[in-house]
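Here the structure is laid out as structure tokens; the discussion comes afterwards.
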Amino acid sequence: MGEKQIKVGLTFPPDKADKPIVTHLVRFDLGFNILKAYISPGILGTMILELKGSDENFEKCLAYLEEEGIQVKVYTDSVIRYEEKCIHCGACTAVCPSGALVMNRETWELEFDMDACLLCGHCVRACPARAIKSFDDAIL
Ligand code: SF4
Ligand code: SF4
């Protein structure tokens, strides 16, 4: 069975923020990497995780998180929400730390690679044309 990689945003209600829920994800045989987290006991927490594994294990893991009362959002889209506004200036590529945004050297058009994206949000702030919309304003 093939492995794939997905990125998910988790929102923890205040009473779950200090529970070791993420450490329990190892039981689903998924590789995981925390890209970003704002979590403090007693307040709403957010986390962005990169998960690697099989579809079957993703489903089990996401069902577990939802059972635990964690809101889950799977990020699959491009960061470039308003393609018609993009003027291919390259400003976003200069601030992208992962190489997810690059200029195609033949067409001089912007290209995006979701697998490489860290959901850091730097490109949202750098775009003069407002062609990039954040995945989630609360997180980015
Ligand atoms: S969110 Fe960050 S990593 Fe993703 S494309 Fe924008 S700058 Fe690059
Ligand atoms: S900064 Fe904005 S307008 Fe410039 S290439 Fe990136 S998405 Fe397009």
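Going by the structure tokens order, chains are called A, B, ..., each with residues numbered from 1, while ligands are numbered from 1 in the order shown.
Counting only C-alpha atoms, Cys89 (chain A) has the following residues at most 12 Å away, ignoring those fewer than 5 positions along the same chain: A:Ala94, A:Leu101, A:Val102, A:Met103, A:Asn104, A:Trp108, A:Glu109, A:Leu110, A:Glu111, A:Ala126, A:Cys127, A:Pro128, A:Ala129, A:Arg130, A:Ala131.
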Can you check which parts of chain A lie within 10 Å of ligand 1? Per residue, the shortest pair of atoms and distance in Å to one decimal, counting only C-alpha atoms and all ligand atoms, sorted by chain and number, as a tab-separated table.
```
residue	atom	partner	partner_atom_place_in_ligand_line	distance
A:Ser78	CA	ligand 1	5 (S)	8.3
A:Val79	CA	ligand 1	5 (S)	6.3
A:Ile80	CA	ligand 1	5 (S)	8.6
A:Cys92	CA	ligand 1	7 (S)	6.5
A:Thr93	CA	ligand 1	8 (Fe)	7.2
A:Ala94	CA	ligand 1	7 (S)	8.5
A:Val95	CA	ligand 1	7 (S)	5.9
A:Cys96	CA	ligand 1	7 (S)	3.6
A:Pro97	CA	ligand 1	3 (S)	5.7
A:Ser98	CA	ligand 1	3 (S)	5.2
A:Gly99	CA	ligand 1	8 (Fe)	6.4
A:Ala100	CA	ligand 1	5 (S)	5.0
A:Leu101	CA	ligand 1	5 (S)	5.2
A:Val102	CA	ligand 1	5 (S)	9.0
A:Glu111	CA	ligand 1	5 (S)	9.7
A:Phe112	CA	ligand 1	5 (S)	6.9
A:Asp113	CA	ligand 1	5 (S)	7.6
A:Met114	CA	ligand 1	4 (Fe)	7.3
A:Asp115	CA	ligand 1	4 (Fe)	9.1
A:Ala116	CA	ligand 1	3 (S)	6.7
A:Cys117	CA	ligand 1	4 (Fe)	3.7
A:Leu118	CA	ligand 1	3 (S)	4.1
A:Leu119	CA	ligand 1	1 (S)	3.7
A:Cys120	CA	ligand 1	2 (Fe)	4.0
A:Gly121	CA	ligand 1	1 (S)	4.1
A:His122	CA	ligand 1	7 (S)	4.4
A:Cys123	CA	ligand 1	7 (S)	4.1
A:Val124	CA	ligand 1	6 (Fe)	6.5
A:Arg125	CA	ligand 1	7 (S)	8.9
A:Ala126	CA	ligand 1	7 (S)	8.6
A:Cys127	CA	ligand 1	6 (Fe)	9.9
A:Ile132	CA	ligand 1	6 (Fe)	8.4
A:Lys133	CA	ligand 1	6 (Fe)	9.7
A:Ser134	CA	ligand 1	1 (S)	7.8
A:Phe135	CA	ligand 1	1 (S)	8.4
A:Leu140	CA	ligand 1	1 (S)	8.0
```
* **Test item, strand (DSSP E) assignment across chain A, answer as a ChimeraX atom specification** => /A:4-12,31-38,45-53,71-75,101-103,110-112
* Figure out the distance between atom 7 (S, counted along the ligand's line) of ligand 2 and CA of Phe32 (chain A), please, to one decimal in Å. => 28.5 Å
* Counting only C-alpha atoms, what is within 6 Å of region 13-19 of chain A, bar same-chain residues fewer than 2 positions away, as a VMD selection string? -> chain A and resid 21 41 to 44
Restrict the selected residues to N, CA and C atoms and save them as a CSV table (one decimal), in the first residue's frame.
```
chain,number,residue,atom,x,y,z
A,21,ILE,N,-2.6,14.0,23.6
A,21,ILE,CA,-3.3,13.4,22.4
A,21,ILE,C,-2.4,13.1,21.2
A,41,PRO,N,-2.4,25.3,28.4
A,41,PRO,CA,-3.5,24.7,29.2
A,41,PRO,C,-4.6,25.8,29.4
A,42,GLY,N,-5.9,25.3,29.3
A,42,GLY,CA,-7.0,26.2,29.6
A,42,GLY,C,-7.4,27.2,28.5
A,43,ILE,N,-6.7,27.2,27.4
A,43,ILE,CA,-7.2,28.1,26.3
A,43,ILE,C,-7.2,27.3,25.0
A,44,LEU,N,-7.9,27.8,24.0
A,44,LEU,CA,-8.0,27.1,22.7
A,44,LEU,C,-6.7,27.0,22.1
```
If DSSP is run on the backbone, what residues of chain A are alpha helix (DSSP H)? A reply as a PDB file with N, CA and C atoms, in the first residue's frame would be ideal.
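Generated file (states_12.pdb):
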```
ATOM      1  N   ASP A  55      -3.582   5.503   3.559  1.00  0.00           N
ATOM      2  CA  ASP A  55      -4.941   6.067   3.659  1.00  0.00           C
ATOM      3  C   ASP A  55      -5.704   5.478   4.836  1.00  0.00           C
ATOM      4  N   GLU A  56      -5.558   4.149   4.992  1.00  0.00           N
ATOM      5  CA  GLU A  56      -6.301   3.460   6.058  1.00  0.00           C
ATOM      6  C   GLU A  56      -5.907   4.024   7.423  1.00  0.00           C
ATOM      7  N   ASN A  57      -4.607   4.222   7.620  1.00  0.00           N
ATOM      8  CA  ASN A  57      -4.153   4.738   8.915  1.00  0.00           C
ATOM      9  C   ASN A  57      -4.528   6.210   9.113  1.00  0.00           C
ATOM     10  N   PHE A  58      -4.553   6.985   8.018  1.00  0.00           N
ATOM     11  CA  PHE A  58      -5.018   8.379   8.140  1.00  0.00           C
ATOM     12  C   PHE A  58      -6.452   8.392   8.650  1.00  0.00           C
ATOM     13  N   GLU A  59      -7.277   7.529   8.028  1.00  0.00           N
ATOM     14  CA  GLU A  59      -8.694   7.522   8.414  1.00  0.00           C
ATOM     15  C   GLU A  59      -8.872   7.197   9.877  1.00  0.00           C
ATOM     16  N   LYS A  60      -8.113   6.178  10.352  1.00  0.00           N
ATOM     17  CA  LYS A  60      -8.229   5.786  11.768  1.00  0.00           C
ATOM     18  C   LYS A  60      -7.773   6.926  12.668  1.00  0.00           C
ATOM     19  N   CYS A  61      -6.683   7.560  12.282  1.00  0.00           N
ATOM     20  CA  CYS A  61      -6.106   8.639  13.088  1.00  0.00           C
ATOM     21  C   CYS A  61      -7.061   9.835  13.145  1.00  0.00           C
ATOM     22  N   LEU A  62      -7.621  10.213  11.988  1.00  0.00           N
ATOM     23  CA  LEU A  62      -8.518  11.372  11.963  1.00  0.00           C
ATOM     24  C   LEU A  62      -9.810  11.075  12.738  1.00  0.00           C
ATOM     25  N   ALA A  63     -10.265   9.819  12.665  1.00  0.00           N
ATOM     26  CA  ALA A  63     -11.458   9.436  13.435  1.00  0.00           C
ATOM     27  C   ALA A  63     -11.149   9.524  14.932  1.00  0.00           C
ATOM     28  N   TYR A  64      -9.967   9.085  15.333  1.00  0.00           N
ATOM     29  CA  TYR A  64      -9.570   9.154  16.752  1.00  0.00           C
ATOM     30  C   TYR A  64      -9.556  10.619  17.227  1.00  0.00           C
ATOM     31  N   LEU A  65      -8.971  11.483  16.425  1.00  0.00           N
ATOM     32  CA  LEU A  65      -8.882  12.897  16.825  1.00  0.00           C
ATOM     33  C   LEU A  65     -10.279  13.499  16.979  1.00  0.00           C
ATOM     34  N   GLU A  66     -11.153  13.171  16.030  1.00  0.00           N
ATOM     35  CA  GLU A  66     -12.510  13.723  16.111  1.00  0.00           C
ATOM     36  C   GLU A  66     -13.251  13.176  17.331  1.00  0.00           C
ATOM     37  N   GLU A  67     -13.039  11.878  17.624  1.00  0.00           N
ATOM     38  CA  GLU A  67     -13.651  11.291  18.833  1.00  0.00           C
ATOM     39  C   GLU A  67     -13.184  12.007  20.095  1.00  0.00           C
ATOM     40  N   ALA A  91       7.890  37.720  -5.525  1.00  0.00           N
ATOM     41  CA  ALA A  91       8.158  38.178  -4.147  1.00  0.00           C
ATOM     42  C   ALA A  91       7.936  37.056  -3.129  1.00  0.00           C
ATOM     43  N   CYS A  92       6.936  36.236  -3.369  1.00  0.00           N
ATOM     44  CA  CYS A  92       6.646  35.158  -2.414  1.00  0.00           C
ATOM     45  C   CYS A  92       7.758  34.110  -2.407  1.00  0.00           C
ATOM     46  N   THR A  93       8.414  33.912  -3.557  1.00  0.00           N
ATOM     47  CA  THR A  93       9.470  32.885  -3.619  1.00  0.00           C
ATOM     48  C   THR A  93      10.676  33.300  -2.773  1.00  0.00           C
ATOM     49  N   ALA A  94      10.856  34.605  -2.613  1.00  0.00           N
ATOM     50  CA  ALA A  94      12.010  35.091  -1.849  1.00  0.00           C
ATOM     51  C   ALA A  94      11.849  34.847  -0.355  1.00  0.00           C
ATOM     52  N   VAL A  95      10.606  34.744   0.109  1.00  0.00           N
ATOM     53  CA  VAL A  95      10.396  34.552   1.548  1.00  0.00           C
ATOM     54  C   VAL A  95      10.002  33.117   1.899  1.00  0.00           C
ATOM     55  N   HIS A 122       4.435  33.085   5.449  1.00  0.00           N
ATOM     56  CA  HIS A 122       5.271  34.220   5.020  1.00  0.00           C
ATOM     57  C   HIS A 122       4.818  34.760   3.663  1.00  0.00           C
ATOM     58  N   CYS A 123       4.411  33.854   2.771  1.00  0.00           N
ATOM     59  CA  CYS A 123       4.020  34.283   1.421  1.00  0.00           C
ATOM     60  C   CYS A 123       2.761  35.150   1.448  1.00  0.00           C
ATOM     61  N   VAL A 124       1.876  34.884   2.405  1.00  0.00           N
ATOM     62  CA  VAL A 124       0.625  35.659   2.485  1.00  0.00           C
ATOM     63  C   VAL A 124       0.961  37.128   2.688  1.00  0.00           C
ATOM     64  N   ARG A 125       1.909  37.374   3.595  1.00  0.00           N
ATOM     65  CA  ARG A 125       2.270  38.758   3.924  1.00  0.00           C
ATOM     66  C   ARG A 125       3.130  39.399   2.833  1.00  0.00           C
ATOM     67  N   ALA A 126       3.853  38.589   2.048  1.00  0.00           N
ATOM     68  CA  ALA A 126       4.775  39.149   1.051  1.00  0.00           C
ATOM     69  C   ALA A 126       4.116  39.505  -0.269  1.00  0.00           C
TER      70      ALA A 126
END
```
* To do: Skip region 71-75 of chain A itself and residues of its chain fewer than 3 positions away, then list as a VMD selection string all residues within 7 Å of it, counting only C-alpha atoms.
  => chain A and resid 7 to 12 66
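In this model, the gap between CA of Thr46 (chain A) and CA of Val22 (chain A) comes to 11.9 Å.
The environment of Met47 (chain A) within 8 Å, counting only C-alpha atoms and disregarding residues fewer than 3 places along the same chain, consists of Gly9, Leu10, Thr11, Ile34, Leu35, Lys36, Ala37, Tyr38, Ile39 and Ile139 of chain A.
Note that atom 1 (S, counted along the ligand's line) of ligand 2 and CA of Cys86 (chain A) are 7.1 Å apart.
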